[in-house]
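Take a look at the structure below.
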Amino acid sequence: MDEKNHEEIKANVLSFVKKLFEEMEEEMIMSHQEKYTLLEDAFENAGDAGELKIAFEQWYANHADDVDFEHDIDELWDLAVSQSEE
């Protein structure tokens, strides 16, 4: 009986934590999608590369803390722009 209770408790806790992680992932996905959409919107009004960079800088300033990229703004911009050079 004790072993059954042990296994049931273990399964319940694991299942509960898994559901919490799944909810957190879903919220993160929605948050990232919203931020991506805001960047798309910011780019809509940009007429040239300089304006795109300004829009990106403003977007980054507003969302860097939430997104927590591993690169600073200049590194991100350079990495992104270099994608078109490949």
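Residue numbering restarts at 1 in every chain; chains get A, B, ... in the order shown in the structure tokens, and ligands count up from 1 in that same order.
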Among chain A, which ones does DSSP place in alpha helix (DSSP H), written as a compact mmCIF listing (two decimals) with C-alpha atoms, in the first residue's frame?
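The new file selection-v6.txt reads:
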# COMPACT_ATOMS: atom_id res chain seq x y z
CA ASP A 2 2.78 2.43 0.89
CA GLU A 3 4.54 1.75 -2.44
CA LYS A 4 1.32 2.41 -4.35
CA ASN A 5 0.83 5.70 -2.49
CA HIS A 6 4.46 6.62 -3.21
CA GLU A 7 4.06 5.96 -6.94
CA GLU A 8 0.73 7.78 -7.08
CA ILE A 9 2.14 10.83 -5.31
CA LYS A 10 5.19 10.82 -7.57
CA ALA A 11 3.02 10.60 -10.69
CA ASN A 12 0.68 13.34 -9.46
CA VAL A 13 3.51 15.74 -8.64
CA LEU A 14 5.27 15.09 -11.94
CA SER A 15 2.03 15.55 -13.86
CA PHE A 16 1.23 18.77 -12.01
CA VAL A 17 4.69 20.27 -12.62
CA LYS A 18 4.57 19.23 -16.27
CA LYS A 19 1.24 21.06 -16.68
CA LEU A 20 2.72 24.16 -15.02
CA PHE A 21 5.65 24.11 -17.45
CA GLU A 22 3.31 23.68 -20.41
CA GLU A 23 1.23 26.65 -19.26
CA MET A 24 4.39 28.74 -18.83
CA GLU A 25 5.59 27.75 -22.31
CA GLU A 26 2.24 28.67 -23.84
CA GLU A 27 2.31 32.08 -22.13
CA MET A 28 5.88 32.62 -23.32
CA ILE A 29 4.94 31.70 -26.89
CA MET A 30 2.05 34.16 -26.82
CA SER A 31 4.23 36.89 -25.33
CA HIS A 32 6.96 36.37 -27.93
CA GLN A 33 4.41 36.37 -30.74
CA GLU A 34 2.99 39.66 -29.48
CA LYS A 35 6.46 41.21 -29.36
CA TYR A 36 7.23 39.93 -32.86
CA THR A 37 3.99 41.45 -34.13
CA LEU A 38 4.93 44.77 -32.53
CA LEU A 39 8.25 44.66 -34.39
CA GLU A 40 6.44 43.93 -37.65
CA ASP A 41 4.18 46.91 -36.99
CA ALA A 42 7.16 49.15 -36.22
CA PHE A 43 8.76 48.17 -39.53
CA GLU A 44 5.60 49.00 -41.50
CA ALA A 49 17.30 50.82 -43.87
CA GLY A 50 18.05 53.70 -41.52
CA GLU A 51 14.44 53.92 -40.44
CA LEU A 52 14.32 50.16 -40.02
CA LYS A 53 17.28 50.35 -37.65
CA ILE A 54 15.65 53.17 -35.67
CA ALA A 55 12.41 51.17 -35.43
CA PHE A 56 14.38 48.12 -34.30
CA GLU A 57 16.26 50.15 -31.68
CA GLN A 58 13.01 51.54 -30.29
CA TRP A 59 11.40 48.11 -30.25
CA TYR A 60 14.48 46.63 -28.57
CA ALA A 61 14.52 49.37 -25.93
CA ASN A 62 10.90 48.61 -25.10
CA HIS A 63 11.21 44.81 -24.97
CA ALA A 64 14.82 43.82 -24.25
CA ASP A 65 14.15 43.11 -20.58
CA ASP A 66 11.20 40.87 -21.38
CA VAL A 67 12.86 38.98 -24.21
CA ILE A 73 21.32 45.57 -29.78
CA ASP A 74 24.22 46.17 -32.17
CA GLU A 75 25.15 42.49 -32.25
CA LEU A 76 21.55 41.52 -32.95
CA TRP A 77 21.23 44.07 -35.73
CA ASP A 78 24.52 42.97 -37.33
CA LEU A 79 23.61 39.30 -37.07
CA ALA A 80 20.20 39.88 -38.57
CA VAL A 81 21.45 42.09 -41.41
CA SER A 82 24.25 39.64 -42.23
